[in-house]
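Taking it in order: structure first as structure tokens, then the write-up.
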Amino acid sequence: MPARRTPARAKSAIPQLDWRTPQPAPIVLVSGPEEVCAERAIAAVRDYLRAEDASLEVSDLRADDYESGTLMALTSPSLFGEPRLVRITGGEKSSDAFLTEALAYLEHPQDGATVILRHTGATVRGKKLLDAIRAAAGIAVEVPCAAVKRDGDRFDFAAGEFKAAKKKIAPAALRALTQAFADDLTELAAACQQLIADVPGEVTAEVVQRYYGGRVETTAFTVADTAIAGRYGDALIALRHALDSGADPVPLVAAVAMKLRTMARVAGRRGSSAALAAEIGMKDWQVDRARRDLSGWNEESLGRAIQATARADAEVKGASRDAVFALERMITVIATRAPFGG
């Protein structure tokens with residue numbers, strides 16, 4: 001059965017702004033699922049307006065729990081004419097009352113008011129309103145906040161944090177930081193900001209290790225990633241740190257095995273990431289990662305690595321008295337692409 005296609009979004013007639021540097025407009029649509037980026041964008045618009053006029057009035061309302069007349073009441077000029085900012089959340093769950101009044105507001109936006117609509121894109125609820133905003137050239141802008149899922153996206157996100165702060169970070173430090181917070185963008189953002197605030201001069205790998213070494217050491221995938229990348233010394237150090245931190249050998253082998261299986265499924269296949277992901281039942285970001293992991297590998301070395309991992313799996317589950325030696329031998333075969341044996 002062919003993969004179901006998501007309907008293409010209509011081409012937008014309004015400016016698309018970077019979430020790090022948005023600027024206000026009468027209507028600001030903050031779209032997409034990534035909450036960290038959306039929160040930053042909304043805060044940046046508020047700060048921009050407040051810097052222009054400290055008397056800015058800020059109001060919040062929910063599109064899914066909306067009382068008729070609220071939008072007009074909050075955007076109407078006050079007695080002293082202060083600028084107004086209205087932040088609306090829950091756009092993907094908009095009530096009928098909100099949709100009706102928001103569409104009417106688009107026709108006659110209030111002078112001195114900025115309305116921010118947050119829509120995660122989780123549902124197509126309110127599509128008519130989204131289309132109307134995206135067609136409202138001259139009064140609206142959009143700030144897309146796409147999901148940060150791929151390893152490369154997280155790396156770029158962290159690099160952007162340091163670039164925006166004009167702070168230097170060593171490539172190895174950036175890699176270690178993104179590996180340490182691979183599952184939570186909010187924590188990664190907070191870690192970046194902590195290093196930016198605390199560390200004088202360049203952020204090095206040693207600094208990241210000092211701050212967040214515990215997270216790096218106990219991450220089984222750090223061991224797998226460094227071994228598969230051919231960084232033999234780093235892989236052995238990561239393995240030792242993981243074991244010293246109390247990591248169980250069985251999940252360590254499982255992490256390596258999972259990455260090797262993914263590489264084997266992707267190896268030699270052509271086509272776009274999306275098409276291949278749909279064909280073999282994976283996510284496109286997993287395909288992209290596997291293709292990067294396959295750099296420097298061939299069919300023979302990949303086969304040897306899979307054999308070594310299968311042997312280690314049996315040994316750490318009781319076939320050998322020395323689980324640590326079994327792990328070290330597996331890492332050696334994988335990281336050095338050495339012949340399987342011994």
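Order determines the names: the first chain of the structure tokens is A, the second B, and so forth; residues in each chain are numbered 1 upward, and ligands are numbered 1 upward as they are shown.
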
key: All residues 9 Å or closer to A:Tyr212, only C-alpha atoms, same chain fewer than 5 positions away omitted, as a VMD selection string   = chain A and resid 176 to 177 180 191 207 217

key: Nearest-residue call for A:Ala308, choices A:Val148, A:Ala132, A:Ala277, A:Leu260, using only C-alpha atoms   = A:Leu260

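Shortest atom-to-atom contact with A:Asp60 among A:Leu74, A:Leu129, A:Leu17, A:Ala102: A:Leu74, counting only C-alpha atoms.
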
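Note that DSSP on the backbone gives strand (DSSP E) to these residues of stretch 39-165 of chain A: Glu57, Val58, Ser59, Asp60, Leu61, Arg62, Arg84, Leu85, Val86, Arg87, Ile88, Thr89, Ala113, Thr114, Val115, Ile116, Leu117, Arg118, His119, Ala140, Val141, Glu142, Val143 and Pro144 of chain A.
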
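Atom CA of A:Ala189 to atom CA of A:Ala25 spans 26.7 Å [interatomic distance, one decimal].
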
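You can rank A:Met263, A:Ala147, A:Ala224, A:Ala242 by their closest distance to A:Glu34 using only C-alpha atoms, and at the top of that list sits A:Ala147.
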
message = Need to verify the contact set: stretch 150-163 of chain A, 12 Å, only C-alpha atoms, exclusion of same-chain residues closer than 5 positions in sequence. Can you return it as an MDAnalysis selection string?
response = chainID A and resid 18:21 34 36:37 40 145 168:197 199 201:203 225 283:290 292:293

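Taking only C-alpha atoms, the non-local environment of A:Pro109 within 12 Å (same-chain residues fewer than 6 positions away omitted) comprises Ala25, Pro26, Ile27, Val28, Leu71, Met72, Leu74, Thr75, Ser76, Pro77, Arg84, Glu101, Ala102, Leu103, Val115, Ile133, Ala136, Gly138, Ile139 and Ala140 of chain A.
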
Given the selection you just returned, output its residues as a file containing N, CA and C atoms, formatted as an mmCIF file, in the first residue's frame.
data_model
loop_
_atom_site.group_PDB
_atom_site.id
_atom_site.type_symbol
_atom_site.label_atom_id
_atom_site.label_comp_id
_atom_site.auth_asym_id
_atom_site.auth_seq_id
_atom_site.Cartn_x
_atom_site.Cartn_y
_atom_site.Cartn_z
ATOM 1 N N ALA A 25 4.035 42.513 14.009
ATOM 2 C CA ALA A 25 3.116 42.939 12.952
ATOM 3 C C ALA A 25 1.739 42.921 13.600
ATOM 4 N N PRO A 26 0.731 43.496 12.976
ATOM 5 C CA PRO A 26 -0.605 43.434 13.578
ATOM 6 C C PRO A 26 -1.035 42.008 13.934
ATOM 7 N N ILE A 27 -0.669 41.029 13.064
ATOM 8 C CA ILE A 27 -0.973 39.621 13.325
ATOM 9 C C ILE A 27 0.328 38.833 13.194
ATOM 10 N N VAL A 28 0.669 38.065 14.223
ATOM 11 C CA VAL A 28 1.859 37.212 14.186
ATOM 12 C C VAL A 28 1.406 35.771 14.407
ATOM 13 N N LEU A 71 -11.643 39.179 22.286
ATOM 14 C CA LEU A 71 -10.568 39.643 21.410
ATOM 15 C C LEU A 71 -10.717 41.132 21.124
ATOM 16 N N MET A 72 -11.910 41.572 20.812
ATOM 17 C CA MET A 72 -12.117 42.984 20.521
ATOM 18 C C MET A 72 -11.894 43.842 21.766
ATOM 19 N N LEU A 74 -9.848 43.254 24.258
ATOM 20 C CA LEU A 74 -8.435 43.325 24.617
ATOM 21 C C LEU A 74 -7.608 44.141 23.616
ATOM 22 N N THR A 75 -8.084 44.214 22.386
ATOM 23 C CA THR A 75 -7.321 44.943 21.367
ATOM 24 C C THR A 75 -7.776 46.386 21.199
ATOM 25 N N SER A 76 -8.914 46.743 21.756
ATOM 26 C CA SER A 76 -9.419 48.107 21.597
ATOM 27 C C SER A 76 -8.529 49.100 22.342
ATOM 28 N N PRO A 77 -8.374 50.315 21.808
ATOM 29 C CA PRO A 77 -7.525 51.326 22.461
ATOM 30 C C PRO A 77 -7.999 51.632 23.872
ATOM 31 N N ARG A 84 -0.975 47.506 22.744
ATOM 32 C CA ARG A 84 -1.503 46.266 23.316
ATOM 33 C C ARG A 84 -0.903 45.054 22.622
ATOM 34 N N GLU A 101 -14.791 35.278 15.372
ATOM 35 C CA GLU A 101 -14.345 36.624 15.714
ATOM 36 C C GLU A 101 -12.926 36.902 15.212
ATOM 37 N N ALA A 102 -12.085 35.878 15.166
ATOM 38 C CA ALA A 102 -10.731 36.078 14.655
ATOM 39 C C ALA A 102 -10.750 36.388 13.167
ATOM 40 N N LEU A 103 -11.598 35.708 12.417
ATOM 41 C CA LEU A 103 -11.725 36.004 10.984
ATOM 42 C C LEU A 103 -12.245 37.422 10.773
ATOM 43 N N VAL A 115 -1.417 41.019 17.751
ATOM 44 C CA VAL A 115 -2.053 39.766 18.149
ATOM 45 C C VAL A 115 -1.154 38.613 17.715
ATOM 46 N N ILE A 133 -4.928 34.109 7.474
ATOM 47 C CA ILE A 133 -3.755 34.831 7.978
ATOM 48 C C ILE A 133 -2.622 34.787 6.956
ATOM 49 N N ALA A 136 -2.951 37.264 4.299
ATOM 50 C CA ALA A 136 -3.119 38.658 4.731
ATOM 51 C C ALA A 136 -1.810 39.436 4.584
ATOM 52 N N GLY A 138 0.769 42.246 4.229
ATOM 53 C CA GLY A 138 0.768 43.625 4.691
ATOM 54 C C GLY A 138 0.403 43.790 6.148
ATOM 55 N N ILE A 139 -0.305 42.799 6.729
ATOM 56 C CA ILE A 139 -0.671 42.936 8.139
ATOM 57 C C ILE A 139 -0.213 41.739 8.978
ATOM 58 N N ALA A 140 0.237 40.666 8.339
ATOM 59 C CA ALA A 140 0.574 39.459 9.092
ATOM 60 C C ALA A 140 1.965 38.950 8.733
#

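With only C-alpha atoms as the basis for measurement, A:Leu106 is the residue among A:Leu302, A:Leu252, A:Val316, A:Leu106 that approaches A:Ala135 most closely.
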
note = Of A:Ala254, A:Ser78, A:Val141, A:Gln23, the one nearest to A:Ala43 when counting only C-alpha atoms is A:Gln23

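If only C-alpha atoms are the atoms counted, then among A:Pro144, A:Pro249, A:Gly318, A:Gly121 the closest residue to A:Ser12 is A:Pro144.
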
Who sits within 12 Å of A:Ala310, only C-alpha atoms, same chain under 3 positions skipped, as an mmCIF file with C-alpha atoms, in the first residue's frame:
data_model
loop_
_atom_site.group_PDB
_atom_site.id
_atom_site.type_symbol
_atom_site.label_atom_id
_atom_site.label_comp_id
_atom_site.auth_asym_id
_atom_site.auth_seq_id
_atom_site.Cartn_x
_atom_site.Cartn_y
_atom_site.Cartn_z
ATOM 1 C CA VAL A 250 23.053 -5.587 28.528
ATOM 2 C CA VAL A 253 25.057 -3.908 23.866
ATOM 3 C CA ALA A 254 21.398 -3.363 22.966
ATOM 4 C CA VAL A 256 24.930 -0.743 19.755
ATOM 5 C CA ALA A 257 22.857 -3.536 18.212
ATOM 6 C CA MET A 258 19.925 -1.221 17.502
ATOM 7 C CA LEU A 260 23.832 -1.418 13.644
ATOM 8 C CA ARG A 261 20.484 -2.958 12.665
ATOM 9 C CA GLY A 303 28.840 -7.726 8.919
ATOM 10 C CA ARG A 304 31.812 -8.153 11.258
ATOM 11 C CA ALA A 305 30.415 -5.534 13.619
ATOM 12 C CA ILE A 306 27.031 -7.269 13.735
ATOM 13 C CA GLN A 307 28.712 -10.628 14.472
ATOM 14 C CA ASP A 313 25.111 -9.969 23.608
ATOM 15 C CA ALA A 314 25.353 -13.662 24.434
ATOM 16 C CA GLU A 315 28.396 -13.152 26.647
ATOM 17 C CA VAL A 316 26.949 -10.337 28.768
ATOM 18 C CA LYS A 317 23.842 -12.466 29.307
ATOM 19 C CA ALA A 319 27.895 -16.997 28.186
ATOM 20 C CA ALA A 326 33.217 -8.860 26.060
ATOM 21 C CA LEU A 327 32.182 -5.214 25.788
ATOM 22 C CA ARG A 329 36.222 -6.619 22.395
ATOM 23 C CA MET A 330 32.948 -5.566 20.737
ATOM 24 C CA PHE A 340 36.118 -10.418 13.915
#

task = Extract the full set of alpha helix (DSSP H) residues from stretch 184-256 of chain A according to DSSP on the backbone, and format it as an NGL selection string.
result = :A and (185-198 or 205-217 or 220-228 or 232-244 or 249-256)
